[in-house]
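Next comes structure_14.txt, with compact mmCIF, C-alpha atoms.
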# COMPACT_ATOMS: atom_id res chain seq x y z
CA MET A 711 1.55 19.98 -9.00
CA SER A 712 2.51 18.49 -5.70
CA ILE A 713 5.84 19.10 -4.05
CA TYR A 714 5.86 15.47 -2.95
CA SER A 715 5.94 13.61 -6.24
CA LYS A 716 5.36 13.93 -9.91
CA GLU A 717 1.91 12.48 -10.27
CA LEU A 718 0.71 10.59 -13.27
CA SER A 719 -2.95 10.57 -14.20
CA ILE A 720 -4.38 7.09 -14.63
CA GLU A 721 -4.40 7.66 -18.41
CA GLU A 722 -0.61 8.15 -18.28
CA ILE A 723 0.03 4.89 -16.45
CA GLU A 724 1.07 2.08 -18.79
CA VAL A 725 1.65 -1.62 -18.44
CA GLY A 726 5.33 -2.27 -17.72
CA MET A 727 5.99 0.97 -15.87
CA GLU A 728 7.92 0.34 -12.66
CA ALA A 729 9.35 1.98 -9.58
CA ARG A 730 12.16 0.73 -7.37
CA TYR A 731 13.57 1.36 -3.94
CA SER A 732 16.59 -0.19 -2.26
CA GLN A 733 17.48 -0.23 1.39
CA SER A 734 19.97 -2.11 3.52
CA ILE A 735 18.32 -3.72 6.53
CA THR A 736 19.98 -2.82 9.81
CA ASP A 737 19.55 -3.72 13.44
CA ALA A 738 17.89 -0.33 13.96
CA ASP A 739 15.22 -1.12 11.34
CA ILE A 740 14.40 -4.44 12.96
CA LYS A 741 14.30 -3.01 16.48
CA ALA A 742 12.05 -0.20 15.29
CA PHE A 743 9.72 -2.58 13.46
CA ALA A 744 9.55 -4.83 16.54
CA GLY A 745 8.57 -1.81 18.60
CA ILE A 746 5.85 -0.64 16.22
CA SER A 747 4.35 -4.04 15.43
CA GLY A 748 4.84 -5.69 18.80
CA ASP A 749 6.46 -8.64 16.99
CA ARG A 750 9.24 -9.50 19.42
CA ASN A 751 9.78 -12.99 18.06
CA PRO A 752 13.34 -13.81 19.24
CA VAL A 753 14.39 -14.91 15.76
CA HIS A 754 14.36 -11.18 14.94
CA LEU A 755 15.91 -9.84 18.15
CA ASP A 756 17.97 -12.46 19.96
CA GLU A 757 21.33 -13.42 18.41
CA GLN A 758 21.74 -16.49 20.61
CA TYR A 759 18.26 -17.78 19.86
CA ALA A 760 18.71 -17.10 16.14
CA ALA A 761 22.09 -18.86 16.10
CA SER A 762 20.42 -22.10 17.17
CA SER A 763 17.41 -21.65 14.89
CA ARG A 764 17.04 -22.88 11.31
CA TYR A 765 18.16 -19.44 10.10
CA LYS A 766 21.45 -19.37 12.07
CA ARG A 767 21.34 -15.56 12.15
CA ARG A 768 18.73 -12.90 13.02
CA ILE A 769 16.23 -12.27 10.25
CA ALA A 770 14.09 -9.25 9.42
CA HIS A 771 10.31 -9.24 9.78
CA GLY A 772 8.73 -10.08 6.42
CA LEU A 773 6.40 -7.10 6.60
CA LEU A 774 9.37 -4.77 7.06
CA SER A 775 10.52 -5.49 3.50
CA ALA A 776 6.89 -5.44 2.30
CA SER A 777 6.50 -1.94 3.73
CA PHE A 778 8.73 -0.66 0.91
CA PHE A 779 5.86 -1.42 -1.51
CA SER A 780 3.71 0.97 0.48
CA ALA A 781 6.42 3.62 0.12
CA LEU A 782 6.64 3.14 -3.64
CA PHE A 783 2.87 3.30 -4.10
CA GLY A 784 2.41 6.27 -1.81
CA THR A 785 5.27 8.37 -3.08
CA LYS A 786 6.34 7.19 -6.57
CA LEU A 787 3.89 5.14 -8.61
CA PRO A 788 0.97 5.87 -8.70
CA GLY A 789 2.08 8.47 -6.09
CA GLU A 790 0.24 10.47 -3.48
CA GLY A 791 -3.52 10.30 -3.37
CA SER A 792 -3.59 6.68 -4.50
CA VAL A 793 -5.58 4.30 -2.31
CA TYR A 794 -4.18 0.91 -1.30
CA VAL A 795 -6.92 -1.64 -2.02
CA SER A 796 -5.15 -4.96 -1.59
CA GLN A 797 -1.77 -6.65 -1.32
CA SER A 798 -0.77 -10.30 -1.44
CA LEU A 799 2.61 -11.45 -0.17
CA GLN A 800 4.50 -14.72 -0.53
CA PHE A 801 7.53 -14.83 1.72
CA LYS A 802 10.01 -16.91 -0.30
CA ARG A 803 13.29 -16.48 1.53
CA ALA A 804 14.52 -14.94 4.77
CA VAL A 805 16.05 -11.46 4.79
CA TYR A 806 19.06 -11.10 7.10
CA ILE A 807 20.54 -8.09 8.85
CA GLY A 808 22.90 -6.44 6.40
CA ASP A 809 20.99 -7.59 3.32
CA THR A 810 20.12 -4.89 0.81
CA VAL A 811 16.49 -5.30 -0.21
CA GLU A 812 15.39 -3.99 -3.61
CA ALA A 813 11.63 -3.49 -3.78
CA ILE A 814 10.09 -3.29 -7.26
CA VAL A 815 6.50 -2.56 -8.30
CA ILE A 816 5.56 -3.16 -11.95
CA VAL A 817 2.26 -2.19 -13.61
CA LYS A 818 0.53 -5.37 -14.81
CA SER A 819 -2.79 -3.91 -15.94
CA VAL A 820 -4.90 -0.77 -15.76
CA ASP A 821 -8.69 -0.66 -15.46
CA LEU A 822 -9.58 2.86 -16.60
CA GLU A 823 -13.28 2.47 -15.90
CA ARG A 824 -12.83 1.40 -12.28
CA ARG A 825 -9.70 3.57 -11.96
CA ARG A 826 -7.63 0.63 -10.70
CA VAL A 827 -3.98 -0.15 -11.32
CA PHE A 828 -2.74 -3.71 -10.73
CA PHE A 829 0.88 -4.34 -9.86
CA GLN A 830 3.31 -7.18 -9.52
CA THR A 831 5.31 -6.53 -6.37
CA LEU A 832 8.61 -8.14 -5.49
CA CYS A 833 11.55 -7.76 -3.17
CA ARG A 834 14.94 -9.11 -4.14
CA VAL A 835 18.22 -9.62 -2.32
CA LYS A 836 21.22 -10.13 -4.60
CA ASN A 837 18.84 -10.79 -7.50
CA ARG A 838 17.00 -13.58 -5.67
CA VAL A 839 13.31 -13.04 -4.98
CA VAL A 840 12.59 -12.91 -1.25
CA ILE A 841 8.99 -11.64 -1.46
CA ASP A 842 6.57 -11.97 -4.36
CA GLY A 843 3.01 -10.71 -4.64
CA GLU A 844 0.42 -8.51 -6.25
CA ALA A 845 -1.28 -5.27 -5.35
CA GLU A 846 -4.31 -3.24 -6.41
CA LEU A 847 -4.40 0.55 -6.16
CA TYR A 848 -7.37 2.86 -6.66
CA LEU A 849 -6.83 6.34 -8.10
CA PRO A 850 -9.65 8.69 -7.11
CA GLU A 851 -10.53 11.30 -9.72
CA SER A 852 -9.58 14.01 -7.26
CA ARG A 853 -6.28 12.89 -5.83
CA ASN A 854 -5.11 16.27 -4.68
CA HIS A 855 -6.48 19.02 -2.52
CA GLU A 856 -10.16 19.31 -3.22
CA SER A 857 -10.17 23.08 -2.86
CA MET B 95 9.75 -24.53 27.14
CA SER B 96 10.45 -21.06 25.91
CA ILE B 97 10.30 -18.01 28.09
CA TYR B 98 8.76 -16.11 25.18
CA SER B 99 5.49 -17.91 24.66
CA LYS B 100 3.61 -21.07 25.42
CA GLU B 101 4.05 -23.00 22.24
CA LEU B 102 1.52 -25.35 20.80
CA SER B 103 2.58 -28.28 18.67
CA ILE B 104 0.81 -28.45 15.33
CA GLU B 105 -1.22 -31.39 16.67
CA GLU B 106 -2.58 -29.11 19.41
CA ILE B 107 -3.74 -26.41 17.00
CA GLU B 108 -7.43 -26.68 16.20
CA VAL B 109 -9.76 -24.96 13.77
CA GLY B 110 -11.39 -21.97 15.47
CA MET B 111 -8.51 -21.15 17.81
CA GLU B 112 -7.75 -17.45 17.78
CA ALA B 113 -5.41 -14.80 19.15
CA ARG B 114 -6.06 -11.07 19.49
CA TYR B 115 -4.12 -7.89 20.01
CA SER B 116 -5.41 -4.34 20.40
CA GLN B 117 -3.51 -1.10 20.05
CA SER B 118 -4.45 2.54 19.73
CA ILE B 119 -2.76 4.19 16.76
CA THR B 120 -0.87 7.34 17.67
CA ASP B 121 1.09 9.99 15.85
CA ALA B 122 4.28 8.34 17.14
CA ASP B 123 3.33 5.01 15.51
CA ILE B 124 2.69 6.66 12.15
CA LYS B 125 5.88 8.75 12.26
CA ALA B 126 7.88 5.66 13.17
CA PHE B 127 6.31 3.59 10.39
CA ALA B 128 6.96 6.38 7.88
CA GLY B 129 10.59 6.39 8.97
CA ILE B 130 11.03 2.63 8.66
CA SER B 131 9.13 2.14 5.42
CA GLY B 132 10.02 5.38 3.69
CA ASP B 133 6.31 5.92 3.01
CA ARG B 134 6.06 9.66 3.57
CA ASN B 135 2.78 10.03 1.70
CA PRO B 136 1.43 13.34 3.09
CA VAL B 137 -1.97 11.78 3.83
CA HIS B 138 -0.17 10.07 6.73
CA LEU B 139 2.01 12.96 7.89
CA ASP B 140 0.60 16.32 6.85
CA GLU B 141 -2.53 17.56 8.67
CA GLN B 142 -3.21 20.32 6.15
CA TYR B 143 -2.90 18.00 3.19
CA ALA B 144 -5.06 15.37 4.88
CA ALA B 145 -7.72 17.95 5.75
CA SER B 146 -8.25 18.66 2.06
CA SER B 147 -8.07 14.99 1.05
CA ARG B 148 -10.94 12.51 0.80
CA TYR B 149 -10.10 11.32 4.33
CA LYS B 150 -10.31 14.78 5.99
CA ARG B 151 -7.84 13.64 8.66
CA ARG B 152 -4.46 11.88 8.72
CA ILE B 153 -4.70 8.13 8.27
CA ALA B 154 -2.40 5.31 9.31
CA HIS B 155 -0.44 3.24 6.82
CA GLY B 156 -2.37 0.06 6.03
CA LEU B 157 0.66 -2.12 6.66
CA LEU B 158 1.02 -0.65 10.14
CA SER B 159 -2.21 -2.32 11.24
CA ALA B 160 -1.28 -5.44 9.25
CA SER B 161 1.96 -5.68 11.20
CA PHE B 162 -0.06 -6.74 14.25
CA PHE B 163 -0.77 -10.06 12.45
CA SER B 164 2.98 -10.62 12.34
CA ALA B 165 3.13 -10.01 16.08
CA LEU B 166 0.33 -12.47 16.80
CA PHE B 167 1.87 -15.18 14.60
CA GLY B 168 5.39 -14.66 15.92
CA THR B 169 4.55 -14.46 19.59
CA LYS B 170 1.12 -15.99 20.28
CA LEU B 171 -0.33 -18.39 17.71
CA PRO B 172 1.41 -20.47 16.40
CA GLY B 173 4.15 -18.63 18.36
CA GLU B 174 7.91 -18.47 18.01
CA GLY B 175 9.59 -20.67 15.46
CA SER B 176 6.67 -20.46 13.04
CA VAL B 177 7.51 -19.38 9.51
CA TYR B 178 5.41 -16.77 7.68
CA VAL B 179 4.64 -18.25 4.25
CA SER B 180 2.04 -15.86 2.86
CA GLN B 181 -0.38 -13.08 3.71
CA SER B 182 -3.18 -11.48 1.72
CA LEU B 183 -4.62 -8.12 2.75
CA GLN B 184 -7.74 -6.25 1.65
CA PHE B 185 -7.76 -2.71 2.96
CA LYS B 186 -11.47 -2.04 3.53
CA ARG B 187 -11.53 1.21 5.48
CA ALA B 188 -9.08 3.86 6.59
CA VAL B 189 -7.61 3.80 10.11
CA TYR B 190 -7.29 7.25 11.71
CA ILE B 191 -4.98 8.54 14.43
CA GLY B 192 -6.62 7.73 17.74
CA ASP B 193 -8.43 4.65 16.43
CA THR B 194 -7.97 1.48 18.46
CA VAL B 195 -7.21 -1.39 16.10
CA GLU B 196 -8.06 -4.93 17.19
CA ALA B 197 -6.15 -7.54 15.19
CA ILE B 198 -7.54 -11.09 15.21
CA VAL B 199 -6.10 -14.28 13.71
CA ILE B 200 -8.37 -17.34 13.56
CA VAL B 201 -7.32 -20.86 12.57
CA LYS B 202 -9.26 -21.89 9.45
CA SER B 203 -7.56 -25.19 8.67
CA VAL B 204 -4.54 -27.29 9.56
CA ASP B 205 -2.54 -29.46 7.14
CA LEU B 206 -0.67 -31.86 9.41
CA GLU B 207 1.22 -33.53 6.60
CA ARG B 208 2.68 -30.28 5.21
CA ARG B 209 2.78 -28.76 8.72
CA ARG B 210 0.83 -25.69 7.59
CA VAL B 211 -1.73 -23.66 9.52
CA PHE B 212 -4.12 -21.42 7.56
CA PHE B 213 -5.61 -18.36 9.21
CA GLN B 214 -8.28 -15.77 8.59
CA THR B 215 -6.78 -12.43 9.59
CA LEU B 216 -8.72 -9.27 10.29
CA CYS B 217 -8.35 -5.88 11.88
CA ARG B 218 -11.37 -4.10 13.30
CA VAL B 219 -12.02 -0.60 14.59
CA LYS B 220 -15.15 -0.25 16.68
CA ASN B 221 -16.32 -3.64 15.41
CA ARG B 222 -16.04 -2.62 11.74
CA VAL B 223 -13.58 -4.55 9.61
CA VAL B 224 -10.78 -2.31 8.33
CA ILE B 225 -8.48 -5.07 6.99
CA ASP B 226 -9.44 -8.58 5.93
CA GLY B 227 -7.20 -11.34 4.63
CA GLU B 228 -5.69 -14.78 4.98
CA ALA B 229 -2.32 -16.13 6.04
CA GLU B 230 -0.35 -19.36 5.84
CA LEU B 231 2.19 -20.36 8.49
CA TYR B 232 4.66 -23.25 8.39
CA LEU B 233 5.65 -24.98 11.61
CA PRO B 234 9.03 -26.71 11.29
CA GLU B 235 9.37 -29.92 13.26
CA SER B 236 12.20 -28.36 15.22
CA ARG B 237 10.91 -24.92 16.14
CA ASN B 238 13.23 -24.36 19.06
CA HIS B 239 16.93 -24.44 19.64
CA GLU B 240 18.32 -27.33 17.70
CA SER B 241 20.91 -28.18 20.32

Any chance you could give the structure as C-alpha cells?
Amino acid sequence: MSIYSKELSIEEIEVGMEARYSQSITDADIKAFAGISGDRNPVHLDEQYAASSRYKRRIAHGLLSASFFSALFGTKLPGEGSVYVSQSLQFKRAVYIGDTVEAIVIVKSVDLERRRVFFQTLCRVKNRVVIDGEAELYLPESRNHES
Amino acid sequence: MSIYSKELSIEEIEVGMEARYSQSITDADIKAFAGISGDRNPVHLDEQYAASSRYKRRIAHGLLSASFFSALFGTKLPGEGSVYVSQSLQFKRAVYIGDTVEAIVIVKSVDLERRRVFFQTLCRVKNRVVIDGEAELYLPESRNHES
C-alpha cells in the first residue's frame, strides 16, 4: 500500500468511475505557468493588452487547466504508477483569473488485455465546459516498487 | 506592430513554416509544475520511489514538455492574439531531469476561410520523439488592440 494514494488494480476500475479536483485560478498560477512554459503571451500577463483584446480581461493558459487532469491521473485515478499515453484537448471557452476550475476524469472503457483505461476529461467553470477531451492511461502490472 | 512578436497575417502563413524552442528540464521545473498542477506523483518528485519504478530515475510531467507548444503558439507562430482551439498529445517516451527538450510546431495546413492554422507538434530529446501530436489555432481578424 502506498502512502500517496489508494491504488486500484485495473480489475477494480469500472466504467463510470470518476475523480474530481477544483482550484481557483490566481495571478500567481498564471505567472508561474508563464515562467515554466515560456508562454508570455500578453493576453495572460498584461492587463492593458488584455483589456483591449477580445477577452477584455487576462485569461489563463489552456494547458494550466489541463494540467489538473495530470494531477488526477497521477494521484487519484488510476493513481501512482499509471502511465500517461495520450490526451486530447478542445479548448471551448476562456478561463479568467478568479475562475474556479473543476477538472473531472471519468472512466469510459477499460481494456484489460492491453491494461489500458480510457477517460473522458473535462474542465468546467460554473457548470460550463471550458475544456473537453479524452485520455488513455496504461497500468503496468508492477506499478509499485519492484523490490 | 507589437513589441512582443513579429506577427504574421494568416495570408502570410504557409505550409511547412515552423518554430522551435529548446529547454533543459531541471528539478526546479518539475517542482514548479507539481506545485501548479497538483500532480505530486512520486515518480516526478521522489528519487527513491523513482529508482524502484520502471523509469529508474525521476521523470518530468508530460504536460510540462507540452507546455512549450503553448509558448510557441502564443509568442512565435502564429504569435500573440492567436486562439488555442485544440491539441492532441501522444506521450511516446519519458523525459528525465537533465534532458534537453526541443519543441517544434510545423504548419500542416491553413484554412483561410475559417481562419484556422493546423500544426504538427512534437517534442524531441536527442532527436528521438518524446511527444507527438497536432494542434489547431484560430486567428481572429482583429488580433491586436481593438482601439

Fill in: Exercise answer, chain B residues close to chain A, 6 Å and all atoms listed in the file, as a ChimeraX atom specification
/B:131-133,135,146-147,161-162,165,168-169,174,179-185,239-240

Ile816 (chain A): which residues within 9 Å, counting only C-alpha atoms, same-chain residues fewer than 2 positions away excluded, as a PDB file with C-alpha atoms, keeping the file's coordinate frame?
ATOM      1  CA  VAL A 725       1.650  -1.620 -18.440  1.00  0.00           C
ATOM      2  CA  GLY A 726       5.330  -2.270 -17.720  1.00  0.00           C
ATOM      3  CA  MET A 727       5.990   0.970 -15.870  1.00  0.00           C
ATOM      4  CA  GLU A 728       7.920   0.340 -12.660  1.00  0.00           C
ATOM      5  CA  ALA A 729       9.350   1.980  -9.580  1.00  0.00           C
ATOM      6  CA  ARG A 730      12.160   0.730  -7.370  1.00  0.00           C
ATOM      7  CA  ILE A 814      10.090  -3.290  -7.260  1.00  0.00           C
ATOM      8  CA  LYS A 818       0.530  -5.370 -14.810  1.00  0.00           C
ATOM      9  CA  PHE A 828      -2.740  -3.710 -10.730  1.00  0.00           C
ATOM     10  CA  PHE A 829       0.880  -4.340  -9.860  1.00  0.00           C
ATOM     11  CA  GLN A 830       3.310  -7.180  -9.520  1.00  0.00           C
ATOM     12  CA  THR A 831       5.310  -6.530  -6.370  1.00  0.00           C
ATOM     13  CA  LEU A 832       8.610  -8.140  -5.490  1.00  0.00           C
TER      14      LEU A 832
END

Using every C-alpha atom paired in order, could you least-squares fit chain A onto chain B and give me the moved chain as a PDB file with C-alpha atoms, keeping the file's coordinate frame?
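The file below, out.pdb, is the result:
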ATOM      1  CA  MET A 711       9.665 -24.498  27.130  1.00  0.00           C
ATOM      2  CA  SER A 712      10.411 -21.059  25.845  1.00  0.00           C
ATOM      3  CA  ILE A 713      10.316 -17.980  28.012  1.00  0.00           C
ATOM      4  CA  TYR A 714       8.765 -16.094  25.109  1.00  0.00           C
ATOM      5  CA  SER A 715       5.478 -17.894  24.617  1.00  0.00           C
ATOM      6  CA  LYS A 716       3.597 -21.022  25.384  1.00  0.00           C
ATOM      7  CA  GLU A 717       4.052 -22.987  22.211  1.00  0.00           C
ATOM      8  CA  LEU A 718       1.517 -25.357  20.807  1.00  0.00           C
ATOM      9  CA  SER A 719       2.588 -28.289  18.682  1.00  0.00           C
ATOM     10  CA  ILE A 720       0.817 -28.458  15.339  1.00  0.00           C
ATOM     11  CA  GLU A 721      -1.236 -31.394  16.673  1.00  0.00           C
ATOM     12  CA  GLU A 722      -2.586 -29.103  19.421  1.00  0.00           C
ATOM     13  CA  ILE A 723      -3.726 -26.411  17.004  1.00  0.00           C
ATOM     14  CA  GLU A 724      -7.434 -26.645  16.199  1.00  0.00           C
ATOM     15  CA  VAL A 725      -9.764 -24.939  13.789  1.00  0.00           C
ATOM     16  CA  GLY A 726     -11.392 -21.950  15.490  1.00  0.00           C
ATOM     17  CA  MET A 727      -8.510 -21.150  17.816  1.00  0.00           C
ATOM     18  CA  GLU A 728      -7.734 -17.432  17.800  1.00  0.00           C
ATOM     19  CA  ALA A 729      -5.408 -14.788  19.149  1.00  0.00           C
ATOM     20  CA  ARG A 730      -6.057 -11.073  19.490  1.00  0.00           C
ATOM     21  CA  TYR A 731      -4.123  -7.888  20.005  1.00  0.00           C
ATOM     22  CA  SER A 732      -5.392  -4.340  20.393  1.00  0.00           C
ATOM     23  CA  GLN A 733      -3.494  -1.118  20.033  1.00  0.00           C
ATOM     24  CA  SER A 734      -4.437   2.528  19.730  1.00  0.00           C
ATOM     25  CA  ILE A 735      -2.754   4.178  16.760  1.00  0.00           C
ATOM     26  CA  THR A 736      -0.864   7.329  17.669  1.00  0.00           C
ATOM     27  CA  ASP A 737       1.095   9.975  15.843  1.00  0.00           C
ATOM     28  CA  ALA A 738       4.284   8.328  17.123  1.00  0.00           C
ATOM     29  CA  ASP A 739       3.345   5.003  15.487  1.00  0.00           C
ATOM     30  CA  ILE A 740       2.703   6.657  12.145  1.00  0.00           C
ATOM     31  CA  LYS A 741       5.881   8.739  12.255  1.00  0.00           C
ATOM     32  CA  ALA A 742       7.889   5.653  13.156  1.00  0.00           C
ATOM     33  CA  PHE A 743       6.316   3.582  10.384  1.00  0.00           C
ATOM     34  CA  ALA A 744       6.970   6.387   7.878  1.00  0.00           C
ATOM     35  CA  GLY A 745      10.602   6.392   8.943  1.00  0.00           C
ATOM     36  CA  ILE A 746      11.051   2.632   8.643  1.00  0.00           C
ATOM     37  CA  SER A 747       9.132   2.133   5.402  1.00  0.00           C
ATOM     38  CA  GLY A 748      10.040   5.380   3.683  1.00  0.00           C
ATOM     39  CA  ASP A 749       6.318   5.932   3.016  1.00  0.00           C
ATOM     40  CA  ARG A 750       6.064   9.674   3.568  1.00  0.00           C
ATOM     41  CA  ASN A 751       2.790  10.047   1.706  1.00  0.00           C
ATOM     42  CA  PRO A 752       1.406  13.348   3.094  1.00  0.00           C
ATOM     43  CA  VAL A 753      -1.978  11.784   3.822  1.00  0.00           C
ATOM     44  CA  HIS A 754      -0.182  10.067   6.722  1.00  0.00           C
ATOM     45  CA  LEU A 755       1.987  12.968   7.897  1.00  0.00           C
ATOM     46  CA  ASP A 756       0.579  16.333   6.860  1.00  0.00           C
ATOM     47  CA  GLU A 757      -2.544  17.562   8.691  1.00  0.00           C
ATOM     48  CA  GLN A 758      -3.225  20.326   6.174  1.00  0.00           C
ATOM     49  CA  TYR A 759      -2.907  18.011   3.195  1.00  0.00           C
ATOM     50  CA  ALA A 760      -5.068  15.376   4.895  1.00  0.00           C
ATOM     51  CA  ALA A 761      -7.731  17.954   5.784  1.00  0.00           C
ATOM     52  CA  SER A 762      -8.286  18.659   2.092  1.00  0.00           C
ATOM     53  CA  SER A 763      -8.084  15.006   1.058  1.00  0.00           C
ATOM     54  CA  ARG A 764     -10.961  12.531   0.808  1.00  0.00           C
ATOM     55  CA  TYR A 765     -10.120  11.324   4.328  1.00  0.00           C
ATOM     56  CA  LYS A 766     -10.326  14.771   5.997  1.00  0.00           C
ATOM     57  CA  ARG A 767      -7.869  13.637   8.682  1.00  0.00           C
ATOM     58  CA  ARG A 768      -4.473  11.874   8.736  1.00  0.00           C
ATOM     59  CA  ILE A 769      -4.707   8.124   8.280  1.00  0.00           C
ATOM     60  CA  ALA A 770      -2.390   5.306   9.316  1.00  0.00           C
ATOM     61  CA  HIS A 771      -0.422   3.231   6.818  1.00  0.00           C
ATOM     62  CA  GLY A 772      -2.363   0.054   6.024  1.00  0.00           C
ATOM     63  CA  LEU A 773       0.662  -2.134   6.661  1.00  0.00           C
ATOM     64  CA  LEU A 774       1.036  -0.652  10.143  1.00  0.00           C
ATOM     65  CA  SER A 775      -2.210  -2.325  11.232  1.00  0.00           C
ATOM     66  CA  ALA A 776      -1.282  -5.456   9.243  1.00  0.00           C
ATOM     67  CA  SER A 777       1.974  -5.688  11.191  1.00  0.00           C
ATOM     68  CA  PHE A 778      -0.057  -6.745  14.244  1.00  0.00           C
ATOM     69  CA  PHE A 779      -0.758 -10.057  12.452  1.00  0.00           C
ATOM     70  CA  SER A 780       2.976 -10.640  12.328  1.00  0.00           C
ATOM     71  CA  ALA A 781       3.143 -10.011  16.079  1.00  0.00           C
ATOM     72  CA  LEU A 782       0.344 -12.474  16.797  1.00  0.00           C
ATOM     73  CA  PHE A 783       1.876 -15.185  14.617  1.00  0.00           C
ATOM     74  CA  GLY A 784       5.386 -14.677  15.922  1.00  0.00           C
ATOM     75  CA  THR A 785       4.563 -14.457  19.593  1.00  0.00           C
ATOM     76  CA  LYS A 786       1.114 -15.991  20.278  1.00  0.00           C
ATOM     77  CA  LEU A 787      -0.333 -18.386  17.721  1.00  0.00           C
ATOM     78  CA  PRO A 788       1.398 -20.471  16.408  1.00  0.00           C
ATOM     79  CA  GLY A 789       4.164 -18.650  18.368  1.00  0.00           C
ATOM     80  CA  GLU A 790       7.910 -18.475  18.005  1.00  0.00           C
ATOM     81  CA  GLY A 791       9.598 -20.666  15.451  1.00  0.00           C
ATOM     82  CA  SER A 792       6.670 -20.464  13.048  1.00  0.00           C
ATOM     83  CA  VAL A 793       7.509 -19.394   9.502  1.00  0.00           C
ATOM     84  CA  TYR A 794       5.417 -16.792   7.679  1.00  0.00           C
ATOM     85  CA  VAL A 795       4.636 -18.256   4.247  1.00  0.00           C
ATOM     86  CA  SER A 796       2.047 -15.869   2.855  1.00  0.00           C
ATOM     87  CA  GLN A 797      -0.374 -13.086   3.718  1.00  0.00           C
ATOM     88  CA  SER A 798      -3.166 -11.478   1.728  1.00  0.00           C
ATOM     89  CA  LEU A 799      -4.614  -8.125   2.738  1.00  0.00           C
ATOM     90  CA  GLN A 800      -7.732  -6.255   1.654  1.00  0.00           C
ATOM     91  CA  PHE A 801      -7.751  -2.711   2.956  1.00  0.00           C
ATOM     92  CA  LYS A 802     -11.464  -2.037   3.524  1.00  0.00           C
ATOM     93  CA  ARG A 803     -11.532   1.195   5.483  1.00  0.00           C
ATOM     94  CA  ALA A 804      -9.074   3.862   6.593  1.00  0.00           C
ATOM     95  CA  VAL A 805      -7.611   3.794  10.101  1.00  0.00           C
ATOM     96  CA  TYR A 806      -7.292   7.230  11.718  1.00  0.00           C
ATOM     97  CA  ILE A 807      -4.992   8.531  14.425  1.00  0.00           C
ATOM     98  CA  GLY A 808      -6.617   7.715  17.739  1.00  0.00           C
ATOM     99  CA  ASP A 809      -8.420   4.630  16.440  1.00  0.00           C
ATOM    100  CA  THR A 810      -7.955   1.466  18.469  1.00  0.00           C
ATOM    101  CA  VAL A 811      -7.197  -1.398  16.101  1.00  0.00           C
ATOM    102  CA  GLU A 812      -8.054  -4.943  17.190  1.00  0.00           C
ATOM    103  CA  ALA A 813      -6.131  -7.537  15.193  1.00  0.00           C
ATOM    104  CA  ILE A 814      -7.524 -11.084  15.212  1.00  0.00           C
ATOM    105  CA  VAL A 815      -6.092 -14.274  13.705  1.00  0.00           C
ATOM    106  CA  ILE A 816      -8.363 -17.339  13.567  1.00  0.00           C
ATOM    107  CA  VAL A 817      -7.312 -20.873  12.573  1.00  0.00           C
ATOM    108  CA  LYS A 818      -9.252 -21.877   9.446  1.00  0.00           C
ATOM    109  CA  SER A 819      -7.549 -25.182   8.666  1.00  0.00           C
ATOM    110  CA  VAL A 820      -4.526 -27.281   9.560  1.00  0.00           C
ATOM    111  CA  ASP A 821      -2.530 -29.436   7.143  1.00  0.00           C
ATOM    112  CA  LEU A 822      -0.674 -31.856   9.419  1.00  0.00           C
ATOM    113  CA  GLU A 823       1.227 -33.516   6.597  1.00  0.00           C
ATOM    114  CA  ARG A 824       2.671 -30.283   5.213  1.00  0.00           C
ATOM    115  CA  ARG A 825       2.783 -28.757   8.715  1.00  0.00           C
ATOM    116  CA  ARG A 826       0.821 -25.692   7.587  1.00  0.00           C
ATOM    117  CA  VAL A 827      -1.729 -23.660   9.505  1.00  0.00           C
ATOM    118  CA  PHE A 828      -4.121 -21.413   7.559  1.00  0.00           C
ATOM    119  CA  PHE A 829      -5.614 -18.357   9.200  1.00  0.00           C
ATOM    120  CA  GLN A 830      -8.266 -15.770   8.601  1.00  0.00           C
ATOM    121  CA  THR A 831      -6.769 -12.430   9.577  1.00  0.00           C
ATOM    122  CA  LEU A 832      -8.714  -9.275  10.297  1.00  0.00           C
ATOM    123  CA  CYS A 833      -8.345  -5.881  11.881  1.00  0.00           C
ATOM    124  CA  ARG A 834     -11.352  -4.095  13.304  1.00  0.00           C
ATOM    125  CA  VAL A 835     -12.008  -0.592  14.581  1.00  0.00           C
ATOM    126  CA  LYS A 836     -15.154  -0.251  16.689  1.00  0.00           C
ATOM    127  CA  ASN A 837     -16.323  -3.640  15.402  1.00  0.00           C
ATOM    128  CA  ARG A 838     -16.037  -2.619  11.742  1.00  0.00           C
ATOM    129  CA  VAL A 839     -13.572  -4.554   9.607  1.00  0.00           C
ATOM    130  CA  VAL A 840     -10.779  -2.318   8.321  1.00  0.00           C
ATOM    131  CA  ILE A 841      -8.479  -5.069   6.997  1.00  0.00           C
ATOM    132  CA  ASP A 842      -9.426  -8.580   5.924  1.00  0.00           C
ATOM    133  CA  GLY A 843      -7.195 -11.355   4.635  1.00  0.00           C
ATOM    134  CA  GLU A 844      -5.676 -14.778   4.979  1.00  0.00           C
ATOM    135  CA  ALA A 845      -2.319 -16.128   6.030  1.00  0.00           C
ATOM    136  CA  GLU A 846      -0.353 -19.372   5.833  1.00  0.00           C
ATOM    137  CA  LEU A 847       2.191 -20.364   8.474  1.00  0.00           C
ATOM    138  CA  TYR A 848       4.661 -23.245   8.381  1.00  0.00           C
ATOM    139  CA  LEU A 849       5.646 -24.989  11.616  1.00  0.00           C
ATOM    140  CA  PRO A 850       9.023 -26.703  11.281  1.00  0.00           C
ATOM    141  CA  GLU A 851       9.373 -29.920  13.263  1.00  0.00           C
ATOM    142  CA  SER A 852      12.184 -28.340  15.238  1.00  0.00           C
ATOM    143  CA  ARG A 853      10.893 -24.929  16.179  1.00  0.00           C
ATOM    144  CA  ASN A 854      13.181 -24.366  19.105  1.00  0.00           C
ATOM    145  CA  HIS A 855      16.888 -24.450  19.700  1.00  0.00           C
ATOM    146  CA  GLU A 856      18.307 -27.318  17.731  1.00  0.00           C
ATOM    147  CA  SER A 857      20.872 -28.175  20.382  1.00  0.00           C
TER     148      SER A 857
END

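Here CA of Ala154 (chain B) is placed at a distance of 22.8 Å from CA of Cys833 (chain A).
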
Worksheet, complete the sentence: Computed gap from CA of Asp756 (chain A) to CA of Pro172 (chain B) is 18.7 Å

Item to complete: Determine, counting all atoms listed in the file, which protein, DNA and RNA residues have an atom within 10 Å of an atom of Ile104 (chain B); residues of the same chain fewer than 3 positions away are not included. Present the result as a PyMOL selection string.
Response: chain B and resi 101+107-108+172+204-206+209-211+232-235
